[in-house]
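Chemist: The following file, work-v2.tsv, comprises TSV, C-alpha atoms:
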```tsv
chain	number	residue	atom	x	y	z
A	17	MET	CA	-36.61	135.37	-159.90
A	18	LYS	CA	-36.84	138.69	-161.73
A	19	PRO	CA	-33.65	140.16	-163.13
A	20	GLU	CA	-32.56	143.56	-161.89
A	21	ARG	CA	-32.96	146.63	-164.05
A	22	SER	CA	-29.19	147.05	-164.44
A	23	GLU	CA	-28.94	143.49	-165.75
A	24	ILE	CA	-31.69	144.13	-168.29
A	25	LEU	CA	-29.91	147.31	-169.35
A	26	SER	CA	-26.63	145.50	-169.93
A	27	ARG	CA	-28.40	142.72	-171.87
A	28	LEU	CA	-30.08	145.25	-174.15
A	29	ILE	CA	-26.80	147.10	-174.76
A	30	ARG	CA	-25.02	143.83	-175.67
A	31	PHE	CA	-27.95	142.88	-177.90
A	32	LEU	CA	-27.72	146.13	-179.85
A	33	ASP	CA	-23.90	146.07	-179.95
A	34	LEU	CA	-24.12	142.91	-182.06
A	35	ASP	CA	-26.37	144.68	-184.57
A	36	SER	CA	-24.44	144.83	-187.84
A	37	ASP	CA	-27.25	145.50	-190.30
A	38	GLY	CA	-29.76	147.45	-188.20
A	39	LEU	CA	-32.31	144.64	-187.96
A	40	ARG	CA	-32.07	144.21	-184.19
A	41	ARG	CA	-32.59	147.92	-183.63
A	42	LEU	CA	-35.54	147.98	-186.04
A	43	ILE	CA	-37.21	145.02	-184.33
A	44	LEU	CA	-36.65	146.43	-180.84
A	45	GLN	CA	-37.95	149.83	-181.92
A	46	SER	CA	-41.06	148.21	-183.42
A	47	ILE	CA	-41.63	146.26	-180.20
A	48	VAL	CA	-41.41	149.43	-178.11
A	49	GLU	CA	-43.88	151.22	-180.40
A	50	ALA	CA	-46.36	148.33	-180.62
A	51	ARG	CA	-46.19	147.18	-176.97
A	52	GLU	CA	-48.45	144.17	-177.78
A	53	PHE	CA	-47.94	142.15	-180.95
A	54	THR	CA	-47.76	138.78	-182.66
A	55	VAL	CA	-45.02	137.49	-184.93
A	56	ILE	CA	-47.24	138.10	-187.97
A	57	SER	CA	-48.12	141.68	-187.01
A	58	LEU	CA	-44.48	142.56	-186.27
A	59	HIS	CA	-43.35	140.99	-189.55
A	60	GLU	CA	-45.94	143.02	-191.46
A	61	GLU	CA	-44.65	146.18	-189.81
A	62	ILE	CA	-40.97	145.43	-190.46
A	63	SER	CA	-41.12	143.88	-193.94
A	64	PRO	CA	-41.66	147.17	-195.86
A	65	LYS	CA	-38.56	148.63	-194.22
A	66	CYS	CA	-36.30	145.56	-194.38
A	67	SER	CA	-36.45	142.38	-196.41
A	68	VAL	CA	-36.66	139.61	-193.80
A	69	SER	CA	-38.58	136.37	-193.51
A	70	ARG	CA	-41.15	135.64	-190.85
A	71	LYS	CA	-38.81	133.01	-189.39
A	72	VAL	CA	-36.10	135.61	-188.82
A	73	VAL	CA	-38.55	137.88	-187.00
A	74	ALA	CA	-39.85	134.95	-184.92
A	75	SER	CA	-36.31	133.94	-184.04
A	76	MET	CA	-35.41	137.47	-182.95
A	77	ILE	CA	-38.58	137.72	-180.84
A	78	GLY	CA	-37.76	134.39	-179.20
A	79	TYR	CA	-34.25	135.58	-178.43
A	80	ILE	CA	-35.54	138.82	-176.90
A	81	CYS	CA	-38.13	136.94	-174.86
A	82	SER	CA	-35.84	134.22	-173.51
A	83	ARG	CA	-32.42	135.86	-173.24
A	84	ILE	CA	-33.20	139.48	-172.49
A	85	GLY	CA	-36.43	138.92	-170.57
A	86	ILE	CA	-38.43	142.04	-171.41
A	87	LEU	CA	-41.41	140.29	-173.03
A	88	HIS	CA	-44.38	138.43	-171.59
A	89	VAL	CA	-46.08	135.71	-173.65
A	90	ASN	CA	-49.85	135.13	-173.73
A	91	ARG	CA	-51.71	132.39	-175.53
A	92	LYS	CA	-55.48	132.52	-175.34
A	93	SER	CA	-56.05	129.04	-176.77
A	94	TYR	CA	-54.16	126.18	-178.35
A	95	ARG	CA	-54.88	127.35	-181.90
A	96	ALA	CA	-54.47	131.06	-181.33
A	97	PRO	CA	-51.10	132.63	-182.09
A	98	LYS	CA	-48.89	133.73	-179.23
A	99	THR	CA	-49.28	137.35	-178.23
A	100	TYR	CA	-46.18	139.08	-176.90
A	101	LEU	CA	-46.38	142.01	-174.52
A	102	LEU	CA	-43.56	144.39	-173.60
A	103	ARG	CA	-43.36	144.44	-169.81
A	104	ASP	CA	-44.17	147.87	-168.39
A	105	GLU	CA	-41.27	147.84	-165.96
A	106	TYR	CA	-38.74	147.46	-168.81
A	107	ALA	CA	-40.31	149.71	-171.47
A	108	ASP	CA	-38.49	152.81	-170.23
A	109	ILE	CA	-35.14	150.95	-170.28
A	110	ALA	CA	-35.70	149.85	-173.88
A	111	LYS	CA	-36.61	153.41	-174.93
A	112	ALA	CA	-33.52	154.82	-173.21
A	113	VAL	CA	-31.20	152.27	-174.83
A	114	LEU	CA	-32.67	152.98	-178.26
A	115	ALA	CA	-32.21	156.71	-177.71
A	116	THR	CA	-28.57	156.45	-176.66
A	117	ILE	CA	-27.26	153.84	-179.09
```
What's the structure tokens form of this structure?

Modeler:
Amino acid sequence: MKPERSEILSRLIRFLDLDSDGLRRLILQSIVEAREFTVISLHEEISPKCSVSRKVVASMIGYICSRIGILHVNRKSYRAPKTYLLRDEYADIAKAVLATI
């Protein structure tokens, strides 16, 4: 069952309200800009701006994927890394939340 857009909006607002150091906002903004990414590629994009480990980035991506529900996960093979994709129907909500908060 797909969550409604208003539910996704409230989840994103709560997610960013808990942001004390700006990391959540930075990760969400990078996800919106990249649209399709892996943990390694997102970490490489974020690490010059903020000193975080790859595990922290992977944990935040997992949280966004499972709790908020705006990402789709692809895995081409067993050995290939997971590729995350921002769902098209929620991209505009994420942009709007980033613009207002």

Chemist: At what distance in Å, to one decimal, does CA of Arg21 (chain A) lie from CA of Ala112 (chain A)?

Modeler: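 If I compute the distance from CA of Ala112 (chain A) to CA of Arg21 (chain A), I get 12.3 Å.
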
Chemist: Hey, which of A:Thr54, A:Ser36, A:Ser26, A:Ser63 ends up closest to Leu87 (chain A)? Count only C-alpha atoms.

Modeler: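 Selected residue with least distance to Leu87 (chain A): A:Thr54.
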
Chemist: Residues within 10 Å of Ile77 (chain A), please, as a PDB file with C-alpha atoms, keeping the file's coordinate frame. Count only C-alpha atoms; anything in the same chain fewer than 5 positions from it doesn't count.

Modeler:
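The resulting file, out21.pdb, is shown below:
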```
ATOM      1  CA  ARG A  40     -32.070 144.210-184.190  1.00  0.00           C
ATOM      2  CA  ILE A  43     -37.210 145.020-184.330  1.00  0.00           C
ATOM      3  CA  LEU A  44     -36.650 146.430-180.840  1.00  0.00           C
ATOM      4  CA  ILE A  47     -41.630 146.260-180.200  1.00  0.00           C
ATOM      5  CA  THR A  54     -47.760 138.780-182.660  1.00  0.00           C
ATOM      6  CA  VAL A  55     -45.020 137.490-184.930  1.00  0.00           C
ATOM      7  CA  LEU A  58     -44.480 142.560-186.270  1.00  0.00           C
ATOM      8  CA  LYS A  71     -38.810 133.010-189.390  1.00  0.00           C
ATOM      9  CA  VAL A  72     -36.100 135.610-188.820  1.00  0.00           C
ATOM     10  CA  SER A  82     -35.840 134.220-173.510  1.00  0.00           C
ATOM     11  CA  ARG A  83     -32.420 135.860-173.240  1.00  0.00           C
ATOM     12  CA  LEU A  87     -41.410 140.290-173.030  1.00  0.00           C
ATOM     13  CA  TYR A 100     -46.180 139.080-176.900  1.00  0.00           C
TER      14      TYR A 100
END
```

Chemist: Counting only C-alpha atoms, which residue out of A:Ile117, A:Leu25, A:Ala107, A:Leu102 sits closest to Cys81 (chain A)?

Modeler: A:Leu102

Chemist: Expressed in Å to a single decimal, how great is the separation between CA of Pro64 (chain A) and CA of Asp35 (chain A)?

Modeler: 19.2 Å

Chemist: Could you check the closest approach to Gln45 (chain A) for each of A:Lys98, A:Arg103, A:Ile86, A:Ile62 and tell me which residue wins, using only C-alpha atoms?

Modeler: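 Smallest separation from Gln45 (chain A) among the options: A:Ile62.
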